[in-house]
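**Student:** The structure follows.
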Amino acid sequence: MNNTDEQMWFDFLDGKLKESQLDEHCRKLANLYYQLINCYFSCEKSILENVKLKIASQE
Amino acid sequence: MTDEKLVEALKKGDQNAFKILYDEYAPKIYGILKNYVRPNELEDALQEVFVRILKGINNFEGRSKLSTWIYRIAVNVGKDYSRNYSKEIERPMDLDSEEPETYNVQPVSDTNVKKEVFNELSYEMILEIMEQLDEDERLLIKLRDIDGLSYNEIAEIADLPLGTVKSKLHYARKKLKKLIEEANLI
């Protein structure tokens, strides 16, 4: 990725560019980036439910 | 419900207000804790965050946004866990002791939900890539690129100067981009 593409990539992440303004490579990279971080930070519903019940029962 | 009304209701012990707060923030807090806490302790850590929120809400005066205050509690709880892990590593092993180790590293057990979300990569590969970032780098990416917080809010939550947040986030994004490219995923 050259410097112009890289700047385009950072501008996209900061909301300065729309996805439609990206070239093919940047668009693929952006999709992978968001899929990866969304997946990594996604949560287990069962844990959320368990904790909710525990706290509600303590109150 | 506005934050002001939500806080007011929480101070009165309103169960419905707690549910609103929990549904809004629990998934976000979980993501923050994941930066710092072992998978088998995430449930306890999440509970601790909410216990601290409920105990502290009476002292919340609205000097910062409710979300900033909550995120800060989550980061502090996460860092407490992380510090304890560091102490465990630093503690010299007593080979003569007959007492069993008080902790063990559990294998990561993840639900199918994560695997369903991501089709192109295995979850193991995602972990491998993400764990090459440090805790602060992952936190900044989470707060900015998932939760969409402003740089000022992030600086307050992460307790870092604004310029440091911007430069660290830039570096973290660049590092993650490089890792994705090196994994030949494109």
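Residues are referred to by chain and number: the chain letter is A, B, ... according to the order shown in the structure tokens, the number counts from 1 in that chain, and ligands are numbered separately from 1 in the order shown.
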Give me, as a count of residues only, the residues of chain A touching chain B, with the criterion being at most 7 Å (counting only C-alpha atoms).
**Tutor:** 13
**Student:** According to DSSP computed on the backbone, where in chain A is there helix (DSSP H, G or I)? Give the residues as a short mmCIF file (atom, residue, chain, number, x, y, z; two decimals) with N, CA, C and O atoms, in the first residue's frame.
**Tutor:**
```cif
data_model
loop_
_atom_site.label_atom_id
_atom_site.label_comp_id
_atom_site.auth_asym_id
_atom_site.auth_seq_id
_atom_site.Cartn_x
_atom_site.Cartn_y
_atom_site.Cartn_z
N ASN A 3 1.71 5.49 0.12
CA ASN A 3 1.36 6.50 1.13
C ASN A 3 -0.01 7.13 0.91
O ASN A 3 -0.74 7.43 1.86
N THR A 4 -0.36 7.32 -0.37
CA THR A 4 -1.66 7.93 -0.68
C THR A 4 -2.80 6.99 -0.24
O THR A 4 -3.78 7.42 0.37
N ASP A 5 -2.64 5.70 -0.55
CA ASP A 5 -3.65 4.73 -0.14
C ASP A 5 -3.76 4.66 1.38
O ASP A 5 -4.85 4.53 1.93
N GLU A 6 -2.60 4.71 2.00
CA GLU A 6 -2.59 4.60 3.46
C GLU A 6 -3.31 5.80 4.09
O GLU A 6 -4.09 5.65 5.03
N GLN A 7 -3.06 6.98 3.55
CA GLN A 7 -3.73 8.18 4.06
C GLN A 7 -5.25 8.07 3.85
O GLN A 7 -6.05 8.45 4.71
N MET A 8 -5.61 7.50 2.69
CA MET A 8 -7.02 7.29 2.38
C MET A 8 -7.67 6.37 3.42
O MET A 8 -8.77 6.60 3.91
N TRP A 9 -6.91 5.37 3.78
CA TRP A 9 -7.36 4.39 4.78
C TRP A 9 -7.59 5.05 6.15
O TRP A 9 -8.63 4.89 6.77
N PHE A 10 -6.62 5.89 6.58
CA PHE A 10 -6.78 6.57 7.86
C PHE A 10 -7.93 7.58 7.80
O PHE A 10 -8.68 7.72 8.77
N ASP A 11 -8.06 8.26 6.68
CA ASP A 11 -9.16 9.23 6.54
C ASP A 11 -10.51 8.52 6.61
O ASP A 11 -11.47 9.04 7.19
N PHE A 12 -10.58 7.34 6.03
CA PHE A 12 -11.83 6.58 6.07
C PHE A 12 -12.17 6.20 7.52
O PHE A 12 -13.31 6.37 7.98
N LEU A 13 -11.16 5.72 8.26
CA LEU A 13 -11.40 5.33 9.65
C LEU A 13 -11.86 6.51 10.49
O LEU A 13 -12.63 6.35 11.43
N GLU A 19 -17.08 5.01 2.20
CA GLU A 19 -16.59 3.74 1.64
C GLU A 19 -16.53 3.80 0.11
O GLU A 19 -15.62 3.25 -0.51
N SER A 20 -17.51 4.49 -0.47
CA SER A 20 -17.56 4.56 -1.94
C SER A 20 -16.38 5.33 -2.53
O SER A 20 -16.11 5.24 -3.72
N GLN A 21 -15.69 6.09 -1.69
CA GLN A 21 -14.55 6.86 -2.18
C GLN A 21 -13.24 6.07 -2.11
O GLN A 21 -12.20 6.55 -2.54
N GLU A 24 -10.51 -0.37 -4.46
CA GLU A 24 -10.87 -1.75 -4.16
C GLU A 24 -10.06 -2.33 -2.99
O GLU A 24 -10.60 -2.96 -2.08
N HIS A 25 -8.77 -2.09 -3.02
CA HIS A 25 -7.88 -2.63 -1.99
C HIS A 25 -8.24 -2.07 -0.61
O HIS A 25 -8.37 -2.81 0.37
N CYS A 26 -8.42 -0.75 -0.56
CA CYS A 26 -8.76 -0.10 0.71
C CYS A 26 -10.11 -0.59 1.23
O CYS A 26 -10.30 -0.77 2.43
N ARG A 27 -11.05 -0.79 0.30
CA ARG A 27 -12.39 -1.23 0.70
C ARG A 27 -12.33 -2.64 1.33
O ARG A 27 -12.92 -2.91 2.35
N LYS A 28 -11.55 -3.51 0.71
CA LYS A 28 -11.40 -4.87 1.25
C LYS A 28 -10.74 -4.83 2.63
O LYS A 28 -11.13 -5.52 3.55
N LEU A 29 -9.71 -3.98 2.71
CA LEU A 29 -8.99 -3.85 3.97
C LEU A 29 -9.93 -3.32 5.07
O LEU A 29 -9.92 -3.82 6.21
N ALA A 30 -10.73 -2.34 4.70
CA ALA A 30 -11.66 -1.76 5.68
C ALA A 30 -12.66 -2.81 6.16
O ALA A 30 -12.95 -2.91 7.35
N ASN A 31 -13.18 -3.60 5.22
CA ASN A 31 -14.14 -4.64 5.61
C ASN A 31 -13.51 -5.65 6.56
O ASN A 31 -14.09 -6.01 7.58
N LEU A 32 -12.29 -6.08 6.22
CA LEU A 32 -11.61 -7.04 7.09
C LEU A 32 -11.32 -6.45 8.46
O LEU A 32 -11.48 -7.10 9.49
N TYR A 33 -10.88 -5.20 8.45
CA TYR A 33 -10.54 -4.50 9.70
C TYR A 33 -11.76 -4.49 10.63
O TYR A 33 -11.67 -4.88 11.80
N TYR A 34 -12.89 -4.07 10.09
CA TYR A 34 -14.09 -3.96 10.94
C TYR A 34 -14.63 -5.33 11.34
O TYR A 34 -15.10 -5.52 12.46
N GLN A 35 -14.57 -6.28 10.43
CA GLN A 35 -15.03 -7.63 10.78
C GLN A 35 -14.17 -8.19 11.91
O GLN A 35 -14.67 -8.80 12.86
N LEU A 36 -12.87 -7.98 11.77
CA LEU A 36 -11.94 -8.53 12.76
C LEU A 36 -12.16 -7.91 14.14
O LEU A 36 -12.29 -8.63 15.14
N ILE A 37 -12.23 -6.59 14.21
CA ILE A 37 -12.36 -5.98 15.54
C ILE A 37 -13.76 -6.22 16.11
O ILE A 37 -13.91 -6.43 17.30
N ASN A 38 -14.77 -6.23 15.25
CA ASN A 38 -16.12 -6.50 15.77
C ASN A 38 -16.20 -7.91 16.33
O ASN A 38 -16.85 -8.15 17.34
N CYS A 39 -15.56 -8.84 15.64
CA CYS A 39 -15.58 -10.22 16.11
C CYS A 39 -14.81 -10.34 17.41
O CYS A 39 -15.27 -10.95 18.37
N TYR A 40 -13.62 -9.74 17.45
CA TYR A 40 -12.79 -9.85 18.65
C TYR A 40 -13.50 -9.28 19.89
O TYR A 40 -13.44 -9.86 20.96
N PHE A 41 -14.18 -8.16 19.71
CA PHE A 41 -14.80 -7.51 20.87
C PHE A 41 -16.25 -7.94 21.09
O PHE A 41 -16.92 -7.42 21.97
N LYS A 45 -23.49 -13.77 24.92
CA LYS A 45 -24.78 -13.39 25.51
C LYS A 45 -25.03 -14.10 26.83
O LYS A 45 -25.64 -13.55 27.74
N SER A 46 -24.55 -15.34 26.93
CA SER A 46 -24.81 -16.10 28.16
C SER A 46 -24.16 -15.42 29.36
O SER A 46 -24.75 -15.38 30.45
N ILE A 47 -22.97 -14.87 29.16
CA ILE A 47 -22.29 -14.18 30.27
C ILE A 47 -23.08 -12.93 30.66
O ILE A 47 -23.30 -12.65 31.84
N LEU A 48 -23.53 -12.20 29.65
CA LEU A 48 -24.31 -10.99 29.94
C LEU A 48 -25.56 -11.33 30.74
O LEU A 48 -25.91 -10.65 31.70
N GLU A 49 -26.23 -12.39 30.34
CA GLU A 49 -27.47 -12.79 31.03
C GLU A 49 -27.18 -13.24 32.46
O GLU A 49 -27.90 -12.89 33.39
N ASN A 50 -26.10 -14.05 32.62
CA ASN A 50 -25.75 -14.54 33.97
C ASN A 50 -25.51 -13.39 34.93
O ASN A 50 -26.00 -13.38 36.05
N VAL A 51 -24.73 -12.42 34.46
CA VAL A 51 -24.37 -11.30 35.34
C VAL A 51 -25.61 -10.46 35.66
O VAL A 51 -25.82 -10.03 36.79
N LYS A 52 -26.45 -10.29 34.66
CA LYS A 52 -27.67 -9.49 34.86
C LYS A 52 -28.53 -10.13 35.97
O LYS A 52 -29.02 -9.44 36.87
N LEU A 53 -28.67 -11.44 35.89
CA LEU A 53 -29.48 -12.15 36.89
C LEU A 53 -28.85 -12.06 38.27
O LEU A 53 -29.54 -11.83 39.26
N LYS A 54 -27.53 -12.23 38.33
CA LYS A 54 -26.83 -12.17 39.63
C LYS A 54 -27.02 -10.81 40.29
O LYS A 54 -27.30 -10.72 41.47
N ILE A 55 -26.84 -9.76 39.50
CA ILE A 55 -26.95 -8.41 40.09
C ILE A 55 -28.40 -8.12 40.48
O ILE A 55 -28.66 -7.58 41.56
N ALA A 56 -29.32 -8.52 39.62
CA ALA A 56 -30.73 -8.27 39.94
C ALA A 56 -31.13 -9.00 41.22
O ALA A 56 -31.91 -8.46 42.02
N SER A 57 -30.58 -10.18 41.43
CA SER A 57 -30.95 -10.94 42.64
C SER A 57 -30.31 -10.34 43.89
O SER A 57 -30.78 -10.55 45.00
N GLN A 58 -29.22 -9.60 43.71
CA GLN A 58 -28.56 -8.96 44.86
C GLN A 58 -29.27 -7.70 45.32
O GLN A 58 -29.16 -7.29 46.45
#
```
**Student:** Env of stretch 63-78 of chain B: 6 Å cut, atoms = only C-alpha atoms, seq-sep filter 3 positions within chain, self excluded. Answer as an NGL selection string.
**Tutor:** :B and (33 or 36 or 49 or 81 or 157)
**Student:** Using Å and a single decimal, report how far atom CA of B:Ala17 sits from atom CA of B:Lys5.
**Tutor:**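 Between atom CA of B:Lys5 and atom CA of B:Ala17 the gap is 9.0 Å.
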**Student:** From the options B:Pro39, B:Thr164, B:Tyr151, B:Glu156, which residue's atoms come nearest to A:Asp14, counting only C-alpha atoms?
**Tutor:**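 Ranked by minimum distance to A:Asp14, first place goes to B:Tyr151.
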